file work-v8.txt (compact mmCIF, C-alpha atoms)
# COMPACT_ATOMS: atom_id res chain seq x y z
CA MET H 1 58.23 62.04 98.02
CA THR H 2 60.35 65.17 98.34
CA SER H 3 58.41 68.31 99.17
CA ILE H 4 59.01 70.99 96.54
CA PRO H 5 58.42 74.59 97.65
CA TYR H 6 56.30 76.30 95.02
CA ARG H 7 56.38 79.95 94.12
CA ARG H 8 55.36 81.65 90.93
CA LEU H 9 58.21 82.02 88.46
CA ASN H 10 59.24 85.67 88.28
CA PRO H 11 62.66 86.07 86.64
CA PRO H 12 64.06 89.60 86.92
CA GLU H 13 64.40 91.75 83.84
CA ARG H 14 68.04 92.32 82.87
CA THR H 15 69.97 94.73 80.72
CA LEU H 16 71.85 92.17 78.63
CA PHE H 17 75.28 93.62 77.90
CA GLY H 18 77.08 90.32 77.54
CA PRO H 19 78.52 88.90 74.30
CA ASP H 20 76.09 85.97 73.99
CA LEU H 21 72.62 87.47 74.19
CA SER H 22 70.79 90.73 73.57
CA ASN H 23 67.51 91.93 75.03
CA ALA H 24 64.58 90.65 73.00
CA SER H 25 62.92 93.34 70.91
CA PRO H 26 59.22 94.14 71.37
CA ARG H 27 58.89 93.10 67.72
CA ALA H 28 60.15 89.65 68.68
CA ARG H 29 57.70 89.45 71.59
CA GLN H 30 54.92 90.31 69.16
CA GLY H 31 55.86 87.23 67.15
CA LEU H 32 55.60 84.99 70.21
CA ILE H 33 51.92 85.71 70.77
CA ALA H 34 50.85 84.26 67.40
CA CYS H 35 48.86 81.02 67.46
CA LEU H 36 50.63 77.71 66.93
CA GLU H 37 50.49 76.11 63.51
CA GLY H 38 51.61 72.68 62.40
CA ALA H 39 54.95 72.14 60.74
CA ASN H 40 53.25 71.30 57.44
CA ASP H 41 50.56 73.97 57.65
CA PRO H 42 50.69 75.97 54.38
CA ASP H 43 50.33 79.28 56.24
CA PHE H 44 53.23 78.39 58.51
CA LEU H 45 55.36 77.31 55.56
CA GLN H 46 54.64 80.65 53.91
CA VAL H 47 56.02 82.47 56.96
CA PHE H 48 58.96 80.09 57.08
CA GLU H 49 59.75 80.80 53.44
CA LEU H 50 59.53 84.55 54.09
CA ALA H 51 62.06 84.18 56.91
CA ARG H 52 64.45 82.29 54.61
CA THR H 53 64.08 84.98 51.93
CA LEU H 54 64.77 87.74 54.45
CA LEU H 55 67.80 85.85 55.77
CA ARG H 56 69.21 85.51 52.26
CA ASN H 57 68.72 89.24 51.82
CA LEU H 58 70.45 89.99 55.12
CA TRP H 59 73.45 87.84 54.17
CA HIS H 60 73.49 89.09 50.55
CA THR H 61 73.23 85.62 49.05
CA GLU H 62 71.21 83.78 46.43
CA ASN H 63 71.91 80.39 48.06
CA ASP H 64 68.90 78.07 47.83
CA ASP H 65 70.39 76.05 50.68
CA THR H 66 69.68 78.62 53.39
CA PHE H 67 67.98 77.13 56.45
CA ILE H 68 66.51 77.91 59.85
CA PHE H 69 66.08 75.05 62.30
CA ALA H 70 65.76 74.35 66.01
CA GLY H 71 69.11 74.56 67.77
CA THR H 72 71.70 77.05 68.95
CA GLU H 73 74.34 78.74 66.81
CA GLU H 74 76.60 75.81 67.74
CA ALA H 75 74.08 73.55 65.99
CA GLY H 76 74.57 75.68 62.89
CA MET H 77 78.34 75.28 63.20
CA GLU H 78 78.01 71.52 63.51
CA ALA H 79 75.61 71.31 60.56
CA VAL H 80 78.14 73.01 58.30
CA LEU H 81 81.11 70.98 59.51
CA VAL H 82 79.51 67.52 59.47
CA ASN H 83 78.23 68.02 55.93
CA LEU H 84 81.47 69.36 54.48
CA LEU H 85 84.05 67.24 56.28
CA GLU H 86 84.61 63.49 56.06
CA PRO H 87 86.89 61.38 58.25
CA ASP H 88 90.56 61.89 57.34
CA ASP H 89 89.89 65.10 55.41
CA THR H 90 92.20 67.98 56.18
CA ALA H 91 90.76 71.23 57.51
CA VAL H 92 92.56 74.49 58.24
CA VAL H 93 91.02 76.44 61.13
CA GLY H 94 91.99 79.98 62.07
CA VAL H 95 92.39 80.38 65.84
CA ALA H 96 92.80 83.82 67.40
CA GLY H 97 90.52 83.43 70.39
CA TYR H 98 88.18 81.14 72.28
CA SER H 99 85.62 80.89 69.46
CA GLY H 100 88.35 79.77 67.08
CA GLU H 101 89.46 77.10 69.56
CA ARG H 102 85.87 75.87 69.78
CA LEU H 103 85.60 75.76 65.99
CA ALA H 104 88.81 73.72 65.71
CA ASP H 105 87.58 71.28 68.35
CA ALA H 106 84.26 70.81 66.56
CA ALA H 107 86.06 70.18 63.25
CA GLU H 108 88.28 67.53 64.87
CA ARG H 109 85.20 65.66 66.10
CA THR H 110 84.15 65.00 62.50
CA GLY H 111 87.25 62.82 62.19
CA ALA H 112 89.10 65.37 60.08
CA GLN H 113 92.75 66.26 60.55
CA VAL H 114 92.76 69.87 61.74
CA ILE H 115 95.63 72.24 61.06
CA ARG H 116 95.40 75.27 63.36
CA VAL H 117 96.66 78.61 62.08
CA THR H 118 97.07 80.69 65.21
CA ALA H 119 97.41 84.39 65.91
CA GLU H 120 97.90 86.19 69.17
CA TRP H 121 94.63 86.76 71.00
CA GLY H 122 93.41 90.28 70.26
CA THR H 123 94.82 90.29 66.71
CA ILE H 124 93.61 89.13 63.28
CA LEU H 125 94.73 86.23 61.10
CA THR H 126 96.64 87.55 58.10
CA PRO H 127 96.06 86.32 54.53
CA ARG H 128 99.79 85.60 54.26
CA ALA H 129 99.78 83.23 57.24
CA LEU H 130 96.69 81.43 55.95
CA GLU H 131 97.93 81.15 52.36
CA SER H 132 101.19 79.48 53.32
CA VAL H 133 99.32 76.76 55.23
CA LEU H 134 96.75 76.33 52.46
CA ALA H 135 99.51 75.90 49.90
CA GLU H 136 101.29 73.31 52.03
CA HIS H 137 98.31 71.17 53.08
CA ARG H 138 95.74 71.63 50.27
CA PRO H 139 92.83 71.16 52.72
CA ARG H 140 89.24 70.31 51.91
CA LEU H 141 88.00 73.20 54.02
CA MET H 142 89.13 76.39 55.77
CA ALA H 143 87.12 77.73 58.72
CA LEU H 144 87.30 81.12 60.43
CA VAL H 145 85.45 83.31 62.93
CA HIS H 146 84.28 86.67 61.57
CA GLY H 147 83.67 88.34 64.94
CA GLU H 148 85.79 86.87 67.75
CA ALA H 149 83.65 87.64 70.81
CA SER H 150 86.32 86.50 73.26
CA THR H 151 88.75 89.23 72.12
CA GLY H 152 86.53 91.88 70.52
CA VAL H 153 88.20 91.56 67.09
CA LEU H 154 86.57 91.79 63.65
CA GLN H 155 88.37 89.51 61.18
CA PRO H 156 88.56 90.94 57.61
CA LEU H 157 87.21 88.41 55.10
CA SER H 158 87.19 90.05 51.68
CA GLU H 159 90.43 88.40 50.46
CA ILE H 160 90.37 85.18 52.42
CA ALA H 161 87.78 83.00 50.67
CA GLU H 162 89.52 83.58 47.34
CA LEU H 163 92.73 82.25 48.90
CA ALA H 164 90.92 79.10 50.02
CA HIS H 165 89.37 78.54 46.60
CA ARG H 166 92.71 79.04 44.88
CA HIS H 167 94.05 76.08 46.85
CA GLY H 168 90.98 73.89 46.34
CA ALA H 169 89.37 74.49 49.74
CA LEU H 170 85.91 75.58 50.76
CA CYS H 171 85.68 78.60 53.07
CA VAL H 172 83.21 78.57 55.98
CA VAL H 173 82.77 81.29 58.59
CA ASP H 174 81.15 81.77 62.00
CA VAL H 175 79.15 85.01 61.67
CA SER H 176 77.39 84.72 65.04
CA SER H 177 78.74 88.04 66.39
CA THR H 178 78.36 89.96 63.15
CA THR H 179 75.02 89.00 61.56
CA ALA H 180 72.64 91.99 61.58
CA LEU H 181 75.40 94.03 63.26
CA VAL H 182 77.82 94.58 60.37
CA GLU H 183 77.52 93.75 56.69
CA VAL H 184 77.99 90.06 55.85
CA GLN H 185 78.50 89.64 52.10
CA VAL H 186 78.24 85.89 51.57
CA ASP H 187 78.23 85.83 47.75
CA THR H 188 80.59 88.76 47.16
CA TRP H 189 83.15 87.35 49.61
CA GLY H 190 82.74 83.83 48.24
CA LEU H 191 81.76 82.16 51.52
CA ASP H 192 80.73 78.52 51.14
CA GLY H 193 78.99 78.19 54.49
CA CYS H 194 78.19 80.33 57.47
CA TRP H 195 76.03 80.22 60.57
CA THR H 196 74.60 82.23 63.43
CA GLY H 197 71.94 82.04 66.14
CA SER H 198 68.73 84.00 66.58
CA GLN H 199 69.56 85.76 69.86
CA LYS H 200 72.47 88.18 69.26
CA GLY H 201 72.38 90.74 66.49
CA LEU H 202 68.79 89.90 65.59
CA SER H 203 67.40 90.29 69.16
CA ALA H 204 64.98 87.41 68.72
CA TYR H 205 64.96 84.50 71.19
CA PRO H 206 67.58 81.77 71.61
CA GLY H 207 66.82 78.41 70.06
CA LEU H 208 67.21 78.78 66.31
CA ALA H 209 70.23 78.09 64.12
CA LEU H 210 70.59 79.95 60.82
CA VAL H 211 72.87 78.46 58.14
CA THR H 212 73.65 78.76 54.46
CA PHE H 213 75.56 76.56 51.99
CA SER H 214 76.88 77.76 48.63
CA PRO H 215 76.27 75.73 45.45
CA ARG H 216 79.98 74.81 45.59
CA ALA H 217 79.50 73.43 49.10
CA ALA H 218 76.35 71.55 48.10
CA ARG H 219 78.24 69.85 45.26
CA ARG H 220 80.93 68.81 47.72
CA VAL H 221 78.26 67.17 49.92
CA GLU H 222 76.93 65.26 46.90
CA GLU H 223 80.47 64.00 46.18
CA ARG H 224 80.99 62.55 49.67
CA GLN H 225 82.35 59.02 49.87
CA THR H 226 80.75 58.40 53.30
CA PRO H 227 77.32 59.28 54.72
CA VAL H 228 76.96 62.47 56.75
CA ARG H 229 77.47 61.45 60.37
CA SER H 230 74.38 63.26 61.61
CA TRP H 231 70.80 62.37 60.75
CA TYR H 232 69.52 65.69 62.09
CA PHE H 233 72.04 67.96 60.34
CA ASP H 234 72.34 66.10 57.00
CA LEU H 235 71.87 68.58 54.14
CA ALA H 236 69.28 66.28 52.57
CA GLY H 237 67.30 66.43 55.80
CA LEU H 238 67.55 70.22 56.02
CA ARG H 239 66.22 70.41 52.47
CA SER H 240 63.15 68.38 53.46
CA TYR H 241 61.75 71.22 55.60
CA ALA H 242 58.85 71.87 53.18
CA SER H 243 57.89 68.24 52.58
CA ASP H 244 55.42 66.02 54.41
CA GLU H 245 58.34 63.74 55.34
CA ARG H 246 60.46 66.49 56.84
CA ARG H 247 63.00 65.35 59.41
CA HIS H 248 62.47 68.40 61.61
CA GLN H 249 58.84 67.71 62.43
CA THR H 250 58.62 69.67 65.69
CA VAL H 251 59.38 73.19 64.55
CA PRO H 252 59.18 75.88 67.29
CA ALA H 253 56.71 78.05 65.39
CA PRO H 254 56.64 80.95 67.93
CA LEU H 255 60.42 81.29 67.66
CA ILE H 256 60.11 81.35 63.86
CA TYR H 257 57.47 84.09 64.08
CA ALA H 258 59.66 86.13 66.45
CA LEU H 259 62.69 85.72 64.19
CA THR H 260 60.68 86.68 61.12
CA GLU H 261 59.63 89.92 62.82
CA MET H 262 63.27 90.75 63.52
CA LEU H 263 64.43 89.87 60.02
CA GLU H 264 61.71 92.17 58.70
CA LEU H 265 62.91 94.93 61.05
CA ALA H 266 66.50 94.51 59.84
CA TYR H 267 65.23 94.77 56.25
CA GLU H 268 63.25 97.92 57.06
CA GLN H 269 66.16 99.58 58.82
CA SER H 270 68.89 98.61 56.30
CA MET H 271 72.32 97.34 57.24
CA ALA H 272 73.90 100.74 56.58
CA TYR H 273 71.81 102.13 59.46
CA ARG H 274 72.33 99.14 61.74
CA GLU H 275 76.09 98.97 61.28
CA GLY H 276 76.43 102.73 61.77
CA ARG H 277 74.37 102.52 64.96
CA HIS H 278 76.49 99.74 66.41
CA ARG H 279 79.76 101.44 65.53
CA ASN H 280 78.49 104.58 67.25
CA ARG H 281 77.55 102.68 70.42
CA ARG H 282 80.95 100.98 70.47
CA ASP H 283 82.77 104.28 69.99
CA ALA H 284 80.71 105.94 72.73
CA LEU H 285 81.53 103.09 75.13
CA VAL H 286 85.22 103.22 74.23
CA ALA H 287 85.28 106.98 74.81
CA ALA H 288 83.88 106.47 78.31
CA LEU H 289 86.25 103.61 79.15
CA GLU H 290 89.26 105.62 77.98
CA VAL H 291 88.22 108.55 80.18
CA LEU H 292 88.29 106.04 83.05
CA GLY H 293 91.86 105.14 82.08
CA LEU H 294 90.99 101.56 81.04
CA GLU H 295 92.68 99.59 78.27
CA ILE H 296 90.72 98.34 75.26
CA LEU H 297 92.40 95.20 73.95
CA ALA H 298 91.58 95.27 70.22
CA SER H 299 93.24 97.65 67.80
CA PRO H 300 90.98 100.55 66.71
CA LYS H 301 91.20 99.27 63.10
CA THR H 302 89.88 95.81 63.94
CA ARG H 303 87.49 96.43 66.83
CA LEU H 304 84.29 94.43 66.67
CA PRO H 305 81.26 96.77 66.81
CA SER H 306 79.20 94.31 68.86
CA VAL H 307 81.60 93.29 71.67
CA THR H 308 84.20 95.46 73.40
CA VAL H 309 86.87 93.73 75.48
CA VAL H 310 88.55 95.73 78.27
CA ARG H 311 91.37 94.71 80.58
CA VAL H 312 90.57 94.43 84.29
CA PRO H 313 92.91 96.90 86.05
CA GLU H 314 95.54 95.69 88.50
CA GLY H 315 94.09 95.33 92.00
CA ILE H 316 90.46 95.17 90.85
CA ASP H 317 88.34 92.06 91.33
CA GLY H 318 86.64 91.73 87.94
CA GLU H 319 84.09 89.17 89.09
CA ARG H 320 83.09 91.37 92.01
CA VAL H 321 82.37 94.19 89.55
CA ARG H 322 80.28 91.85 87.39
CA HIS H 323 78.35 90.67 90.44
CA GLY H 324 77.81 94.28 91.53
CA LEU H 325 76.39 95.17 88.13
CA LEU H 326 74.03 92.20 88.22
CA ARG H 327 72.78 92.76 91.77
CA PRO H 328 71.02 95.06 92.35
CA PHE H 329 71.40 96.90 89.04
CA ARG H 330 70.44 93.94 86.79
CA ILE H 331 73.13 94.67 84.21
CA ASP H 332 74.77 91.54 82.80
CA ILE H 333 78.23 91.73 81.18
CA GLY H 334 80.62 88.94 80.22
CA GLY H 335 83.89 87.85 81.76
CA GLY H 336 86.99 86.45 80.09
CA LEU H 337 87.22 82.98 78.57
CA GLY H 338 90.13 80.55 78.31
CA ARG H 339 93.50 82.19 78.85
CA TRP H 340 91.78 85.54 79.47
CA LYS H 341 89.50 84.23 82.20
CA GLY H 342 89.45 86.69 85.10
CA ARG H 343 91.57 89.18 83.13
CA VAL H 344 88.99 91.01 81.00
CA TRP H 345 85.40 92.19 80.84
CA ARG H 346 83.42 91.67 77.64
CA VAL H 347 80.71 94.25 77.02
CA GLY H 348 78.25 93.35 74.28
CA ILE H 349 76.00 96.09 72.92
CA GLN H 350 73.85 94.36 70.32
CA SER H 351 70.65 95.21 68.51
CA HIS H 352 67.84 95.99 70.99
CA SER H 353 70.38 96.27 73.82
CA ALA H 354 72.02 99.21 72.02
CA GLN H 355 69.73 101.72 73.72
CA PRO H 356 71.41 105.03 74.68
CA SER H 357 69.79 104.95 78.12
CA TYR H 358 71.15 101.44 78.79
CA LEU H 359 74.66 102.57 77.91
CA VAL H 360 74.51 105.67 80.11
CA GLN H 361 73.24 103.59 83.03
CA PHE H 362 75.99 101.01 82.55
CA VAL H 363 78.80 103.60 82.50
CA SER H 364 77.43 105.32 85.63
CA VAL H 365 77.18 102.13 87.66
CA PHE H 366 80.47 100.76 86.32
CA GLU H 367 82.35 103.87 87.47
CA TYR H 368 80.70 103.66 90.88
CA LEU H 369 81.69 100.01 91.32
CA LEU H 370 85.29 100.68 90.28
CA ALA H 371 85.53 103.50 92.80
CA GLN H 372 84.13 101.20 95.50
CA GLN H 373 87.17 98.94 95.06
CA GLY H 374 89.58 101.87 95.34
CA TYR H 375 90.23 102.37 91.63
CA PRO H 376 91.39 105.99 91.11
CA ILE H 377 88.76 107.62 88.89
CA PRO H 378 90.64 110.32 86.93
CA ARG H 379 87.70 112.72 86.64
CA PRO H 380 84.54 111.60 88.43
CA GLY H 381 81.49 111.96 86.21
CA ALA H 382 83.50 112.64 83.05
CA ALA H 383 82.95 109.13 81.64
CA VAL H 384 79.18 109.61 81.61
CA GLN H 385 79.61 113.00 79.96
CA ALA H 386 81.85 111.36 77.33
CA VAL H 387 79.36 108.64 76.48
CA ILE H 388 76.46 111.09 76.25
CA ALA H 389 78.47 113.43 74.01
CA ALA H 390 79.39 110.59 71.65
CA LEU H 391 75.98 108.95 71.37
CA GLU H 392 73.84 109.50 68.30
CA PRO H 393 70.04 109.07 68.48
call {"tool": "encode", "arguments": {"input": "work-v8.txt", "output": "structure tokens"}}
result
Amino acid sequence: MTSIPYRRLNPPERTLFGPDLSNASPRARQGLIACLEGANDPDFLQVFELARTLLRNLWHTENDDTFIFAGTEEAGMEAVLVNLLEPDDTAVVGVAGYSGERLADAAERTGAQVIRVTAEWGTILTPRALESVLAEHRPRLMALVHGEASTGVLQPLSEIAELAHRHGALCVVDVSSTTALVEVQVDTWGLDGCWTGSQKGLSAYPGLALVTFSPRAARRVEERQTPVRSWYFDLAGLRSYASDERRHQTVPAPLIYALTEMLELAYEQSMAYREGRHRNRRDALVAALEVLGLEILASPKTRLPSVTVVRVPEGIDGERVRHGLLRPFRIDIGGGLGRWKGRVWRVGIQSHSAQPSYLVQFVSVFEYLLAQQGYPIPRPGAAVQAVIAALEP
């Protein structure tokens, strides 16, 4: 038998400034300490129903088919796609970054024919480009990413679902990088499905997928000619959450409690406050980066409040800077994905991670690490002054 050296697990605490994860809020930790309850326990189901009600409120929707289940945000994406697409259906997918590419790949795996509408990375998809493809192909479904975390771009949605409906298509949207960070108006915008995870804008813990289906989408599922190709994600199975014969028997109750705490906090704070706070943190970060002479890749009009993407300057080793932030300073930021791998940094300032002190510390250490590699700092110390001047309480 192999000898396994044992030592007590002691993971270091990080400042999570990447695009995929925010620091868990103390309110979320409070939820974790609650006692376990069974999946069919009436008290647990009451909390579960409260979480669903709060999620509907957060997304501004009356959809009965709004669910929370064990899985990542990608599980939410798959649940929407496998229910709404059948083999040989046509789907139009907007691709303007890595998340869009992932969405198109997932749609293809349902057996659907996927038509990609592409835009240059760092830009938005225009209604005109989408409408011409919708008119030509008359797809069953159109899918988009609201907040493209690989490029730092916020995709406008107010006109787009109406375009899809005009051409007989459902409109579904990845809202993983926008939920609880900017307003998501599911009913007003006419979205037929959307999804997120529990760990970004809500600052709960990873492991839960949050999804919603419109009545229009639910009718489309009922009209399917073939069974849904997933037992776990089938809409009928998701609807069984409150029955004794529920398919999702092993519900991670502590994660549900933690998420419920964070949904309550979002309700207490209001989205007007939360969105304003995140836009302020983004603008403060951008002010500091511009003082350092760095290039922000998204246009000011379409910058995502939750993730800022900055070009790595010529002659600077971007991965070395990321490693220097992580050790010994315990600050975690993201690198580039796909065609931008090694070319950009992605700084995510989301929910509980949007602390002024975290941002000031990041800018200070970031400037120091750039200078270590010989980057010419225009005015040493001015970036920190800029971020402090721009920050609101």
call {"tool": "residues_around", "arguments": {"input": "work-v8.txt", "residues": "Thr72 of chain H", "least_positions_apart": "2", "cutoff": "6 Å", "atoms": "only C-alpha atoms", "output": "NGL selection string"}}
result
:H and (74-75 or 197 or 207-209)
call {"tool": "atom_distance", "arguments": {"input": "work-v8.txt", "atom1": "atom CA of Val47 of chain H", "atom2": "atom CA of Tyr257 of chain H"}}
result
7.4 Å
call {"tool": "closest_residue", "arguments": {"input": "work-v8.txt", "among": "H:Val363, H:Ile377, H:Leu326, H:Leu289", "to": "Pro12 of chain H", "atoms": "all atoms listed in the file"}}
result
H:Leu326
call {"tool": "closest_residue", "arguments": {"input": "work-v8.txt", "among": "H:Pro19, H:Glu319, H:His248, H:Glu159", "to": "Gly38 of chain H", "atoms": "all atoms listed in the file"}}
result
H:His248
call {"tool": "residues_around", "arguments": {"input": "work-v8.txt", "residues": "Glu148 of chain H", "least_positions_apart": "5", "cutoff": "8 Å", "atoms": "only C-alpha atoms", "output": "ChimeraX atom specification"}}
result
/H:96-100,153-155,177,304
call {"tool": "closest_residue", "arguments": {"input": "work-v8.txt", "among": "H:Ala204, H:Ile160, H:Leu181, H:Leu54", "to": "Arg128 of chain H", "atoms": "all atoms listed in the file"}}
result
H:Ile160
call {"tool": "residues_near_point", "arguments": {"input": "work-v8.txt", "point": "(94.3, 93.4, 76.0)", "cutoff": "10 Å", "atoms": "only C-alpha atoms", "output": "number ranges by chain"}}
result
H: 121-123, 151-152, 295-299, 309-312, 340, 343-344
call {"tool": "closest_residue", "arguments": {"input": "work-v8.txt", "among": "H:Arg216, H:Arg346, H:Arg239, H:Arg56", "to": "Trp195 of chain H", "atoms": "all atoms listed in the file"}}
result
H:Arg56
call {"tool": "closest_residue", "arguments": {"input": "work-v8.txt", "among": "H:Asp174, H:Asp283, H:Glu73, H:Glu108", "to": "Asp89 of chain H", "atoms": "all atoms listed in the file"}}
result
H:Glu108
call {"tool": "closest_residue", "arguments": {"input": "work-v8.txt", "among": "H:Gly334, H:Met1, H:Met142, H:Arg247", "to": "Tyr232 of chain H", "atoms": "all atoms listed in the file"}}
result
H:Arg247
call {"tool": "atom_distance", "arguments": {"input": "work-v8.txt", "atom1": "atom CA of Leu84 of chain H", "atom2": "atom CA of His146 of chain H"}}
result
18.9 Å
